[in-house]
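Quick notes on the structure that follows.
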There are 4 protein chains.
Amino acid sequence: MIRIGVIGYGYWGPNIVRNFHAHDGSEVVLVCDKNPKCQERLRKAHPGMAYTTDEKEILNSPNIDAVAVVTPVWTHYELAKQALENGKHVFVEKPFTWTVAQAEELIELADRKNLKIMVDHTFLFTGAVKKIKEVVERRELGDLYYYDSLRVNLGLFQHDVNVIWDLAPHDLSIMDYVIAEKPEAVVATGQKHLNGVEDVAFITVYFPNKIIAHVNVNWLSPVKVRTTLIGGEKKMLVWNDLDADEKIKIYDKGVSMSSNPSNLHQLLVSYRSGDMWAPQVEQIEALRAETAYFLGCIQENTKPFNDGVAGLRVVRILEAADKSIRSRGEAVAL
Amino acid sequence: MIRIGVIGYGYWGPNIVRNFHAHDGSEVVLVCDKNPKCQERLRKAHPGMAYTTDEKEILNSPNIDAVAVVTPVWTHYELAKQALENGKHVFVEKPFTWTVAQAEELIELADRKNLKIMVDHTFLFTGAVKKIKEVVERRELGDLYYYDSLRVNLGLFQHDVNVIWDLAPHDLSIMDYVIAEKPEAVVATGQKHLNGVEDVAFITVYFPNKIIAHVNVNWLSPVKVRTTLIGGEKKMLVWNDLDADEKIKIYDKGVSMSSNPSNLHQLLVSYRSGDMWAPQVEQIEALRAETAYFLGCIQENTKPFNDGVAGLRVVRILEAADKSIRSRGEAVAL
Amino acid sequence: MIRIGVIGYGYWGPNIVRNFHAHDGSEVVLVCDKNPKCQERLRKAHPGMAYTTDEKEILNSPNIDAVAVVTPVWTHYELAKQALENGKHVFVEKPFTWTVAQAEELIELADRKNLKIMVDHTFLFTGAVKKIKEVVERRELGDLYYYDSLRVNLGLFQHDVNVIWDLAPHDLSIMDYVIAEKPEAVVATGQKHLNGVEDVAFITVYFPNKIIAHVNVNWLSPVKVRTTLIGGEKKMLVWNDLDADEKIKIYDKGVSMSSNPSNLHQLLVSYRSGDMWAPQVEQIEALRAETAYFLGCIQENTKPFNDGVAGLRVVRILEAADKSIRSRGEAVAL
Amino acid sequence: MIRIGVIGYGYWGPNIVRNFHAHDGSEVVLVCDKNPKCQERLRKAHPGMAYTTDEKEILNSPNIDAVAVVTPVWTHYELAKQALENGKHVFVEKPFTWTVAQAEELIELADRKNLKIMVDHTFLFTGAVKKIKEVVERRELGDLYYYDSLRVNLGLFQHDVNVIWDLAPHDLSIMDYVIAEKPEAVVATGQKHLNGVEDVAFITVYFPNKIIAHVNVNWLSPVKVRTTLIGGEKKMLVWNDLDADEKIKIYDKGVSMSSNPSNLHQLLVSYRSGDMWAPQVEQIEALRAETAYFLGCIQENTKPFNDGVAGLRVVRILEAADKSIRSRGEAVAL
């Protein structure tokens, strides 16, 4: 039985508590939130579960094996560091840390102490992303051309981070998982309209082999859109996460070029248009699968694929995007 | 009766011929296309209409008052220049010219000779764009925050221009018309996958007053999308040009900030969500209205709002986007 | 404090328990389900809440003021009757009863004992139906022409009732609420394919003043559809219950006839097509509002609008539809 | 070269003329419309094509091999009869005739004179219907359960026929083609609101083997819908004719029953839910294919599958639907 302490019981914390508490192999033994109002919410959902407003009680407890850090990003480093130093595994919200340097230090610390870090990139455990990964790995799309994501809606405004740090970690972690190449450079543009942080932003990520990724995030859209296009040499994929039944559509469409060697100006373009196929997508609660996976990694002493290093790759792009956006689109090498 | 000569009878030329020939105030007296196969197509559509493969017959004819230039962009300058020098008004396909310098020279020449140049930004004459312009001018949206357009589909590949020059002139001309501010800088990113020109591109345009525009153009998308979001302080608008009946939706949604002077960290965000309204959009053939407007400008000696100067504003952004994309997103001041 | 006993803890029962238990003015004091497995589910959701497998404990308890009957339809009459006879108010699942005669008897009994019956037509408490009712009552649509509902999906098969008794009560209760006329006759057609009860059915209900209603229910549809069209003289309404944000759209569209008295064969039809308007729909949990309303009716001794008489009107149509479907569409007068 | 005379140049006639004139194997030699205004429209579209307002010129001409009857339905019988008596093949608009008796007489007459009758059920030549027919014939859906079509929009009102005769022939001819069983009975309901003919109607057709068909036609809908669900034992199909790219979707979804012999009350229902597949649908002008097929049937002296007998099957259902609707849904045996 792995004993879990959860720090942070705001918007996402209750889901973490509920899932870790439901598994046979773990139990939540203590929940912390500085806001004392959270105690009543916890009591209603989990009568009898212990509660504190002092995170030290979790970080120092000898009865806790792993700590879930479900707090704002700028607190991740300090909390995760103390947990690791005290010999506890860490499950931490995305984005992993506030800086690349913090992430590197935590990874090093966990390695030294043989502890696990898992970054909660929940989307990687959804049926949709698992299916996309599978399709790309089977090379059904052929060589990838582009990854283009649109993630816009009205609010919820954050006061301390911009729309990139709020929404783009989803896209960047999925992109990192699916493309599986090392990105070369980031260009970001955007604008602040209301409270001093960017609420509209556009990020381009350059990869080797002519792969290009683009992420459009916006807190000021009147409509909610969650759509990603992935173009490949052989086929193309559309992922609409808001479609209840047909989230993923794979199009047997493509373009081929055949140059006529006798005349370089006569490139022949041929279009191919065939069937569309919407594979069934597993209906699971992603967080249920992810928390179970975390427990398994601890028990079997294996590295999660969404470990600190994966979290660092996302933070590196976020940091570069922030730098680029401040200079109106200057390319930042990674 | 204004006598029109049309140079170019490929994809778009037949629409130009049909419309100019249908008006009471004009007739097409000569059509030119270097490709002799076009003659048969013209004969079927307009039996008895004169045809030539030599554009000089149009440019030098004393019986022609205005020339429609419906040819690839790199030929616009030379054809328009000769037409103007020979005292003919010019109706020219978008984009206006291949360079800013060419556009400036043509504008100056037309002014000197008191001739009209109209650039065929057809979308400006659609019911949808007229309605958007009206809504923005009435200040229904309040101050504008952003203009974000997605224009993607599979093909049609151009061999000589990239996807920016092919698709973005639509968005840039509409943006120029609706926003009515002077843009400050352009950042463009993109990638070439097939035939040596960009087939995927993302353009950010910075305007004064924190207005930001973004255009996503892509020849390699499995699905066709033509959607523009326009966010304002008071309301927000979604234009889906592929929706047959409800192209424009105006959302009474917004976000307001009220800072608490006693505590700068406690910015209060309030969301407003009300009704949605889809105004009826005039169902007209835009090119019919545009060609009639061209005739009217000639007859009344007035400047079209989509004149050479408007065409130049679009070319200026295209030129800057090309420069920016080559340097991976370096901001190019306008 | 109104003390509630709930009989039935299958699919819908947990929602009833949760809502009645959450109100300040009521508490659930005992839950019954014959299936002993339900006890564990109840314990997890409401630790400490009393449970029994014997409904008599609820029906005979002097400590219970009102009974919620959340069991299969053929048990409603017996359970409700005993509850009423024992002086308890009754909240009963739709459809109210299995026969018209049963409904009439229960209504008479409740009246005699001055007790409340409320039939759980939950949809009447949704923001969408409330908005439709408001729009129709304000006569925005003008005289009604038709009410046409499509409610199809795959499963969930019932073994004991056909698709009409399973799905149509929703539509019939909404139709009854919105149209507010006494229906004249019912025609129903359908077919049994799998387990001896109709899984596909089509119901027409004739109303006075040329109003016609139609309900299409189907357990064998590959896609889920929940769409109702309501046509009126002045405007028309489309309700798509699966649209998260724009459930109700009101079209300023219509047809008018003006007969030319000099020539009866020359009826002039004129179409009107204007804006579309999607009013904001209140986002509430309908069952929360409905259970609160039930408590209010008890406390203030007022008749709920969705009382036994309203439930009877729906049962009357269901019974007629069953009779009509057995005779392949014979009209059954109401 | 088959010489065609076309009677009727209103809404659909121009398409008939254009297609028959474009084929290499036929030419339109004379067009007739009683309305003299049609002459100018014909002249613009086909300069030099002969025109008359007297249909006798076509029916009696020795230079005409086949007559296309593109006039209101009540004139079909008389015009087709004269054409056949004068030895001409007949291509006639849907619905074939105004009564079953007329259709039978024309079929007999054509057989006797060895002439072709083809009824213009254009939809049967669309890529979508051809694909549906292919899928059903390959038994991909397994045994059919139901065919359910929704064909609604605002107008276009007919003065002389009701909405059933106007819109349902499309559905009935497709249903006849796809189901390929002899229908047993028809039940129809509906209502007249404006000009004395039904503008809203619902038709159920009973087939052997528990197949049931339903057609919902409506001239008073604010939105245009063209959707057909076809349910089968193995798979299910949705045809949305308004979807530009994915008209047909085939769902690997189904329900199976397995009765437990030891307990007849315990029928086990199992649901199957798998991938969805949208086969590419041929993009052709259906009328182009249909008119070519008519020419081929004449040249090779073969019977078209959409001959008079097919047209009669549709008229038989229309006649029965009219009878049923007048008696509020009385089942009319076929």
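Identifiers for the structure tokens are assigned positionally: chains receive A, B, ... in sequence, residues are indexed from 1 per chain, and ligands are indexed from 1 in the order shown.
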
query: chain D residues within 10 Å of chain B, counting only C-alpha atoms: which ones, as a list in words?
result: Lys44, Ala45, His46, Pro47, Val223, Lys224, Leu242, Ala244 and Asp245 of chain D

- request: Enumerate, as a ChimeraX atom specification, the complete set of residues in segment 126-272 of chain A that a backbone-based DSSP assignment places in strand (DSSP E).
  value: /A:144-154,185-191,200-206,212-218,220-232,236-240,248-259,267-272

message: Based on the backbone DSSP call, show me all residues of segment 219-315 of chain B assigned alpha helix (DSSP H), as a PyMOL selection string.
response: chain B and resi 286-299+308-315

field: For Val73 of chain A: contacts at 7 Å, only C-alpha atoms, fewer than 6 positions along chain excluded, given as a ChimeraX atom specification
entry: /A:95,97-98

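Residues in contact range of segment 189-201 of chain B, defined as at most 8 Å between only C-alpha atoms, with sequence neighbours fewer than 2 positions away removed, read Tyr145, Val187, Thr204, Lys210, Ile211, Ile212, Ser256, Met257 and Leu267 of chain A; His159, Asp160, Val161, Asn162, Val163, Ile164, Val187, Ile203, Asn216, Val217, Asn218, Trp219, Leu220, Ser324, Ile325, Arg328 and Gly329 of chain B.
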
message: When you look at Ser273 of chain C with a cut-off of 9 Å (counting only C-alpha atoms), what residues show up, excluding the ones that are within fewer than 3 positions of it in the same chain? I need them as a PyMOL selection string.
response: (chain B and resi 280) or (chain C and resi 251-255) or (chain D and resi 222)

Store the residues picked out above in a file with N, CA and C atoms, as a PDB file, in the first residue's frame.
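Once everything was written out, this is again_5.pdb:
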ATOM      1  N   GLN B 280     -28.658  37.945 -40.548  1.00  0.00           N
ATOM      2  CA  GLN B 280     -28.793  37.467 -41.917  1.00  0.00           C
ATOM      3  C   GLN B 280     -27.731  38.127 -42.785  1.00  0.00           C
TER       4      GLN B 280
ATOM      5  N   TYR C 251     -35.324  31.132 -35.311  1.00  0.00           N
ATOM      6  CA  TYR C 251     -35.140  31.659 -36.659  1.00  0.00           C
ATOM      7  C   TYR C 251     -36.275  32.604 -37.015  1.00  0.00           C
ATOM      8  N   ASP C 252     -35.909  33.749 -37.459  1.00  0.00           N
ATOM      9  CA  ASP C 252     -36.899  34.696 -37.952  1.00  0.00           C
ATOM     10  C   ASP C 252     -37.209  34.327 -39.402  1.00  0.00           C
ATOM     11  N   LYS C 253     -37.861  33.181 -39.534  1.00  0.00           N
ATOM     12  CA  LYS C 253     -38.176  32.663 -40.869  1.00  0.00           C
ATOM     13  C   LYS C 253     -39.648  32.309 -40.901  1.00  0.00           C
ATOM     14  N   GLY C 254     -40.248  32.461 -42.031  1.00  0.00           N
ATOM     15  CA  GLY C 254     -41.655  32.099 -42.106  1.00  0.00           C
ATOM     16  C   GLY C 254     -42.168  32.123 -43.519  1.00  0.00           C
ATOM     17  N   VAL C 255     -43.383  31.677 -43.621  1.00  0.00           N
ATOM     18  CA  VAL C 255     -44.070  31.648 -44.905  1.00  0.00           C
ATOM     19  C   VAL C 255     -45.424  32.301 -44.691  1.00  0.00           C
TER      20      VAL C 255
ATOM     21  N   PRO D 222     -37.204  25.559 -40.380  1.00  0.00           N
ATOM     22  CA  PRO D 222     -36.276  26.687 -40.490  1.00  0.00           C
ATOM     23  C   PRO D 222     -34.888  26.267 -40.956  1.00  0.00           C
TER      24      PRO D 222
END

Spatial neighbours of Phe294 of chain B, max dist 10 Å, only C-alpha atoms, sep filter under 6 positions, as a ChimeraX atom specification: /B:20,66,89-91,116-120,302-304,306-307
